[in-house]
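Note: the block below is work00.cif and it holds mmCIF, C-alpha atoms and all ligand atoms.
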```cif
data_my_file
#
loop_
_atom_site.label_atom_id
_atom_site.label_comp_id
_atom_site.auth_asym_id
_atom_site.auth_seq_id
_atom_site.Cartn_x
_atom_site.Cartn_y
_atom_site.Cartn_z
CA MET E 255 3.97 -24.01 -50.56
CA GLY E 256 0.71 -24.96 -48.82
CA ALA E 257 2.47 -26.59 -45.86
CA ASP E 258 4.38 -23.38 -45.19
CA ILE E 259 1.15 -21.52 -44.50
CA GLU E 260 -0.31 -22.17 -41.06
CA SER E 261 -3.66 -20.53 -41.76
CA ILE E 262 -5.36 -18.17 -44.17
CA LEU E 263 -5.98 -14.86 -42.45
CA PHE E 264 -7.71 -13.01 -45.30
CA SER E 265 -9.04 -14.78 -48.37
CA SER E 266 -8.81 -13.15 -51.78
CA GLU E 267 -12.59 -12.51 -51.64
CA ARG E 268 -12.33 -10.76 -48.28
CA ILE E 269 -9.39 -8.68 -49.49
CA ALA E 270 -11.28 -7.65 -52.65
CA GLU E 271 -14.30 -6.59 -50.60
CA ARG E 272 -12.17 -4.46 -48.27
CA VAL E 273 -10.15 -2.97 -51.13
CA ALA E 274 -13.42 -1.91 -52.82
CA GLN E 275 -14.52 -0.19 -49.59
CA LEU E 276 -11.19 1.64 -49.31
CA ALA E 277 -11.46 2.70 -52.96
CA ARG E 278 -14.92 4.18 -52.35
CA SER E 279 -13.63 6.11 -49.33
CA LEU E 280 -10.74 7.50 -51.36
CA ASP E 281 -13.04 8.42 -54.27
CA ALA E 282 -15.16 10.45 -51.86
CA ALA E 283 -12.23 12.04 -50.03
CA PHE E 284 -10.38 13.13 -53.19
CA GLN E 285 -13.37 14.10 -55.34
CA GLY E 286 -12.46 16.91 -57.74
CA THR E 287 -8.70 16.40 -57.39
CA TYR E 288 -6.07 14.47 -59.33
CA PRO E 289 -4.00 12.75 -56.64
CA LEU E 290 -0.62 11.12 -57.07
CA ALA E 291 -0.77 7.56 -55.76
CA VAL E 292 2.67 6.29 -54.76
CA GLY E 293 3.11 2.57 -54.16
CA ILE E 294 5.98 1.61 -51.86
CA LEU E 295 7.74 -1.34 -53.50
CA LYS E 296 7.79 -4.16 -53.45
CA GLY E 297 5.20 -5.29 -50.95
CA SER E 298 2.43 -2.96 -52.14
CA PHE E 299 2.36 -3.94 -55.81
CA MET E 300 -0.72 -6.16 -55.67
CA PHE E 301 -2.71 -3.96 -53.30
CA PHE E 302 -1.76 -0.90 -55.34
CA ALA E 303 -2.96 -2.43 -58.60
CA ASP E 304 -6.25 -3.58 -57.10
CA LEU E 305 -6.86 -0.33 -55.23
CA VAL E 306 -6.33 2.09 -58.12
CA ARG E 307 -8.42 0.01 -60.51
CA ALA E 308 -11.24 -0.15 -57.95
CA MET E 309 -11.28 3.65 -57.74
CA SER E 310 -13.50 5.65 -60.08
CA LEU E 311 -11.41 8.77 -59.65
CA PRO E 312 -8.47 9.04 -62.03
CA VAL E 313 -5.16 9.01 -60.20
CA GLN E 314 -1.58 9.39 -61.38
CA THR E 315 0.44 6.33 -60.46
CA ASP E 316 4.04 6.24 -59.33
CA PHE E 317 6.34 4.10 -57.23
CA MET E 318 9.09 4.41 -54.70
CA CYS E 319 11.39 1.72 -53.40
CA VAL E 320 13.06 2.23 -50.05
CA SER E 321 15.00 0.06 -47.70
CA THR E 322 15.79 0.34 -44.05
CA TYR E 323 18.93 -0.89 -42.42
CA GLY E 324 19.03 -1.79 -38.79
CA SER E 325 18.92 -4.57 -36.29
CA GLY E 326 17.40 -7.89 -37.31
CA THR E 327 13.73 -7.90 -38.21
CA THR E 328 12.94 -4.46 -36.80
CA SER E 329 13.28 -1.72 -39.37
CA GLN E 330 15.12 0.88 -37.34
CA GLY E 331 18.00 3.03 -38.40
CA ARG E 332 18.51 4.55 -41.81
CA LEU E 333 16.18 4.82 -44.75
CA THR E 334 17.68 4.59 -48.23
CA ILE E 335 15.78 5.50 -51.40
CA LYS E 336 16.52 2.77 -53.96
CA LYS E 337 14.05 4.14 -56.53
CA ASP E 338 12.48 7.55 -56.25
CA THR E 339 9.19 8.75 -57.69
CA ASP E 340 9.36 9.90 -61.31
CA ALA E 341 6.84 12.67 -60.72
CA SER E 342 7.47 15.67 -58.51
CA VAL E 343 5.30 15.66 -55.40
CA ALA E 344 5.47 19.45 -55.01
CA GLY E 345 1.97 20.88 -54.79
CA ARG E 346 0.36 17.45 -55.17
CA ASP E 347 -2.10 15.52 -53.04
CA VAL E 348 -0.09 12.36 -52.46
CA ILE E 349 -1.62 9.03 -51.49
CA ILE E 350 1.03 6.66 -50.13
CA VAL E 351 -0.05 3.05 -50.71
CA GLU E 352 1.59 0.48 -48.46
CA ASP E 353 1.04 -3.20 -47.75
CA ILE E 354 1.86 -3.16 -44.05
CA ILE E 355 2.87 -0.74 -41.31
CA ASP E 356 4.96 -2.37 -38.64
CA SER E 357 7.27 -0.09 -36.63
CA GLY E 358 6.09 2.88 -38.70
CA PHE E 359 9.71 3.88 -39.41
CA THR E 360 9.45 3.56 -43.20
CA LEU E 361 6.36 5.69 -43.67
CA GLU E 362 7.29 8.23 -41.02
CA ASN E 363 10.36 8.97 -43.13
CA VAL E 364 8.65 8.79 -46.52
CA ARG E 365 5.92 11.14 -45.33
CA ARG E 366 8.50 13.60 -43.97
CA ILE E 367 10.42 13.50 -47.28
CA PHE E 368 7.26 14.22 -49.30
CA LEU E 369 6.28 17.11 -47.02
CA GLU E 370 9.80 18.55 -47.22
CA ARG E 371 9.48 18.37 -51.01
CA GLY E 372 6.35 20.48 -50.86
CA ALA E 373 3.50 17.98 -51.19
CA ARG E 374 0.18 19.74 -50.61
CA SER E 375 -1.10 16.80 -48.59
CA VAL E 376 0.10 13.31 -47.72
CA THR E 377 -2.43 10.57 -47.04
CA ILE E 378 -1.39 7.11 -45.91
CA VAL E 379 -3.32 4.02 -46.98
CA THR E 380 -2.17 0.64 -45.73
CA LEU E 381 -3.77 -2.73 -46.28
CA LEU E 382 -2.47 -4.12 -43.00
CA ASP E 383 -1.70 -2.35 -39.75
CA LYS E 384 0.29 -4.05 -36.99
CA PRO E 385 0.01 -1.50 -34.16
CA SER E 386 1.57 -3.76 -31.54
CA ARG E 387 4.98 -3.27 -33.18
CA ARG E 388 4.77 0.51 -33.59
CA THR E 389 7.71 2.56 -32.36
CA ALA E 390 7.13 5.69 -34.50
CA ALA E 391 4.27 8.09 -33.86
CA LEU E 392 2.61 7.24 -37.16
CA GLN E 393 -1.00 6.39 -37.85
CA PRO E 394 -2.45 5.48 -41.25
CA ASP E 395 -5.34 7.57 -42.54
CA TYR E 396 -6.95 4.47 -44.03
CA ARG E 397 -6.28 0.84 -43.24
CA GLY E 398 -7.71 -2.41 -44.47
CA PHE E 399 -7.21 -4.71 -41.52
CA VAL E 400 -5.59 -4.55 -38.11
CA ILE E 401 -3.52 -7.65 -37.35
CA GLY E 402 -1.69 -9.02 -34.33
CA ASP E 403 2.02 -9.71 -34.07
CA GLU E 404 2.05 -12.61 -36.50
CA PHE E 405 4.24 -13.24 -39.53
CA VAL E 406 2.03 -12.75 -42.57
CA VAL E 407 2.81 -13.41 -46.22
CA GLY E 408 1.01 -13.33 -49.55
CA TYR E 409 -0.78 -10.68 -51.63
CA GLY E 410 2.56 -8.91 -52.10
CA LEU E 411 4.10 -9.68 -48.72
CA ASP E 412 7.16 -11.90 -48.59
CA TYR E 413 9.46 -13.92 -46.44
CA ALA E 414 12.93 -13.99 -48.05
CA GLU E 415 11.26 -12.92 -51.35
CA LYS E 416 8.91 -15.94 -51.37
CA TYR E 417 5.10 -16.06 -51.17
CA ARG E 418 4.45 -12.60 -52.71
CA SER E 419 2.35 -14.13 -55.50
CA LEU E 420 -0.17 -15.83 -53.23
CA PRO E 421 -3.67 -14.40 -53.83
CA TYR E 422 -4.51 -14.50 -50.08
CA ILE E 423 -2.80 -13.37 -46.88
CA GLY E 424 -1.69 -16.21 -44.67
CA VAL E 425 0.21 -16.75 -41.45
CA LEU E 426 3.64 -18.26 -42.12
CA SER E 427 4.40 -21.43 -40.20
CA ARG E 428 7.02 -20.94 -37.52
CA SER E 429 8.93 -23.92 -38.87
CA VAL E 430 9.75 -21.93 -42.02
CA TYR E 431 11.60 -19.09 -40.30
CA GLU E 432 12.92 -21.04 -37.34
CA LYS E 433 14.69 -23.53 -39.62
C1 LIG Y 1 7.93 -3.76 -45.47
C2 LIG Y 1 6.62 -3.08 -45.81
C3 LIG Y 1 6.87 -1.67 -45.39
C4 LIG Y 1 7.80 -1.81 -44.22
C5 LIG Y 1 7.01 -1.68 -42.96
O1 LIG Y 1 8.81 -3.58 -46.52
O2 LIG Y 1 6.32 -3.18 -47.17
O3 LIG Y 1 7.47 -0.90 -46.41
O4 LIG Y 1 8.38 -3.12 -44.29
O5 LIG Y 1 7.83 -1.76 -41.84
P1 LIG Y 1 8.02 -0.58 -40.81
O6 LIG Y 1 6.69 0.02 -40.50
O7 LIG Y 1 8.62 -1.30 -39.62
O8 LIG Y 1 8.99 0.41 -41.38
P2 LIG Y 1 10.14 -4.42 -46.71
O9 LIG Y 1 11.29 -3.59 -46.19
O10 LIG Y 1 9.98 -5.78 -46.12
O11 LIG Y 1 10.31 -4.48 -48.27
P3 LIG Y 1 9.32 -5.09 -49.38
O12 LIG Y 1 8.12 -4.16 -49.46
O13 LIG Y 1 10.13 -5.06 -50.63
O14 LIG Y 1 8.92 -6.48 -48.96
#
```
In structure tokens, write the structure found in this file.
Amino acid sequence: MGADIESILFSSERIAERVAQLARSLDAAFQGTYPLAVGILKGSFMFFADLVRAMSLPVQTDFMCVSTYGSGTTSQGRLTIKKDTDASVAGRDVIIVEDIIDSGFTLENVRRIFLERGARSVTIVTLLDKPSRRTAALQPDYRGFVIGDEFVVGYGLDYAEKYRSLPYIGVLSRSVYEK
């Protein structure tokens, strides 16, 4: 697997440090409330687990799995809910936890759905933000790192379902996806 990774962008230590900072910001912002944290599967599973356990504030945890169908690698088109949240978001302060925002299409739609369902507030937390690829008018409220237009894997992020279990975030070698 090592040869597939061109370089390590964020080590597990650097990720842990940033996740702890994000957790402190969320603790302060949501003090006195009981938010519903919704992880968007599958990419967010590792970040989600680390983030909620780094928070002092109790949060309710839930998950949603969505997929987008469209042209090639750009997620344009239609959003399908493959697994919905178990909890109702009506009246809740919802924290959407995502691994990466690319075009912004996924979260623009998820946020709209939660607001239509009566969420009291919707806050977006993403570990990675790739603003160069944005086509939707969507900005995260909290983000771990801003990255360029590079293919990153690890810490939950995949290429063809591989590499999710890596403890760091690395840049995938071109040779892997240009094969
Ligand atoms: C990735 C990522 C986001 C979405 C971001 O999910 O986890 O949900 O793409 O792209 P966008 O901003 O262009 O909409 P993916 O569909 O690869 O599924 P996964 O989380 O199961 O890997």
Surroundings of ligand LIG 1 (chain Y) up to 6 Å, based on only C-alpha atoms and all ligand atoms, as a PDB file with C-alpha atoms, keeping the file's coordinate frame:
```
ATOM      1  CA  LEU E 295       7.740  -1.340 -53.500  1.00  0.00           C
ATOM      2  CA  LYS E 296       7.790  -4.160 -53.450  1.00  0.00           C
ATOM      3  CA  GLY E 297       5.200  -5.290 -50.950  1.00  0.00           C
ATOM      4  CA  SER E 321      15.000   0.060 -47.700  1.00  0.00           C
ATOM      5  CA  SER E 329      13.280  -1.720 -39.370  1.00  0.00           C
ATOM      6  CA  ASP E 353       1.040  -3.200 -47.750  1.00  0.00           C
ATOM      7  CA  ILE E 354       1.860  -3.160 -44.050  1.00  0.00           C
ATOM      8  CA  ILE E 355       2.870  -0.740 -41.310  1.00  0.00           C
ATOM      9  CA  ASP E 356       4.960  -2.370 -38.640  1.00  0.00           C
ATOM     10  CA  SER E 357       7.270  -0.090 -36.630  1.00  0.00           C
ATOM     11  CA  GLY E 358       6.090   2.880 -38.700  1.00  0.00           C
ATOM     12  CA  PHE E 359       9.710   3.880 -39.410  1.00  0.00           C
ATOM     13  CA  THR E 360       9.450   3.560 -43.200  1.00  0.00           C
ATOM     14  CA  LEU E 411       4.100  -9.680 -48.720  1.00  0.00           C
ATOM     15  CA  ASP E 412       7.160 -11.900 -48.590  1.00  0.00           C
TER      16      ASP E 412
END
```
Per-residue nearest contacts of range 290-407 of chain E to range 268-275 of chain E (10 Å; all atoms listed in the file) as a Markdown table:
```
| residue | atom | partner | partner_atom | distance |
| --- | --- | --- | --- | --- |
| E:Phe301 | CA | E:Val273 | CA | 7.8 |
| E:Phe302 | CA | E:Val273 | CA | 9.6 |
| E:Asp304 | CA | E:Val273 | CA | 7.2 |
| E:Leu305 | CA | E:Val273 | CA | 5.9 |
| E:Val306 | CA | E:Val273 | CA | 9.4 |
| E:Arg307 | CA | E:Ala274 | CA | 9.4 |
| E:Ala308 | CA | E:Ala274 | CA | 5.8 |
| E:Met309 | CA | E:Ala274 | CA | 7.7 |
| E:Leu381 | CA | E:Val273 | CA | 8.0 |
| E:Arg397 | CA | E:Arg272 | CA | 9.4 |
| E:Gly398 | CA | E:Arg272 | CA | 6.2 |
| E:Phe399 | CA | E:Arg272 | CA | 8.4 |
```
Between CA of Val400 in chain E and CA of Asp383 in chain E - distance in Å to one decimal: 4.8 Å
E:Phe284, E:Val430, E:Gly293, E:Gln314 ranked by distance to Tyr417 in chain E, top pick (using only C-alpha atoms):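 Once distances to Tyr417 in chain E are computed over only C-alpha atoms, the minimum belongs to E:Val430.
Among the candidate residues E:Leu361, E:Ile401, E:Met300, E:Leu382, the one lying nearest to Ser419 in chain E is E:Met300, with distances computed using all atoms listed in the file.
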Atom-to-atom span, CA of Arg388 in chain E and CA of Gly402 in chain E, Å: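 CA of Gly402 in chain E lies at a distance of 11.5 Å from CA of Arg388 in chain E.
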Distance of CA of Thr315 in chain E from CA of Leu290 in chain E, expressed in Å to one decimal place: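 Atom-to-atom, CA of Leu290 in chain E to CA of Thr315 in chain E, that is 6.0 Å.
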Protein and nucleic acid residues near (-17.8, 6.2, -58.8) (cut-off 8 Å, all atoms listed in the file) as a VMD selection string: chain E and resid 278 281 309 to 311
Using all atoms listed in the file, what residues lie at most 6 Å away from (2.0, -19.5, -45.3) (file coordinates), given as an mmCIF file with C-alpha atoms, keeping the file's coordinate frame?
```
data_model
loop_
_atom_site.group_PDB
_atom_site.id
_atom_site.type_symbol
_atom_site.label_atom_id
_atom_site.label_comp_id
_atom_site.auth_asym_id
_atom_site.auth_seq_id
_atom_site.Cartn_x
_atom_site.Cartn_y
_atom_site.Cartn_z
ATOM 1 C CA ASP E 258 4.380 -23.380 -45.190
ATOM 2 C CA ILE E 259 1.150 -21.520 -44.500
ATOM 3 C CA GLU E 260 -0.310 -22.170 -41.060
ATOM 4 C CA GLY E 424 -1.690 -16.210 -44.670
ATOM 5 C CA VAL E 425 0.210 -16.750 -41.450
ATOM 6 C CA LEU E 426 3.640 -18.260 -42.120
ATOM 7 C CA SER E 427 4.400 -21.430 -40.200
#
```
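Considering all atoms listed in the file, the residue among E:Leu276, E:Gly345, E:Ala303, E:Leu263 positioned nearest to Tyr288 in chain E is E:Gly345.
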Residue among E:Pro385, E:Pro289, E:Pro421, E:Gly256 lying closest to Gly408 in chain E, counting all atoms listed in the file: E:Pro421
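Near Arg365 in chain E, within 9 Å and counting all atoms listed in the file, sit Ile350, Thr360, Leu361, Leu369, Glu370, Val376, Thr377 and Ile378 of chain E, not including residues fewer than 4 positions from it in the same chain.
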Can I get the selected residues back with C-alpha atoms, as a CSV table (one decimal), in the coordinates of the input?
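Heads up, here's the output in part-v5.csv:
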```csv
chain,number,residue,atom,x,y,z
E,350,ILE,CA,1.0,6.7,-50.1
E,360,THR,CA,9.4,3.6,-43.2
E,361,LEU,CA,6.4,5.7,-43.7
E,369,LEU,CA,6.3,17.1,-47.0
E,370,GLU,CA,9.8,18.6,-47.2
E,376,VAL,CA,0.1,13.3,-47.7
E,377,THR,CA,-2.4,10.6,-47.0
E,378,ILE,CA,-1.4,7.1,-45.9
```
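With all atoms listed in the file as the atoms that count, the minimum distance from Glu352 in chain E to the choices E:Ala257, E:Ala373, E:Ala283, E:Ile294 is reached by E:Ile294.
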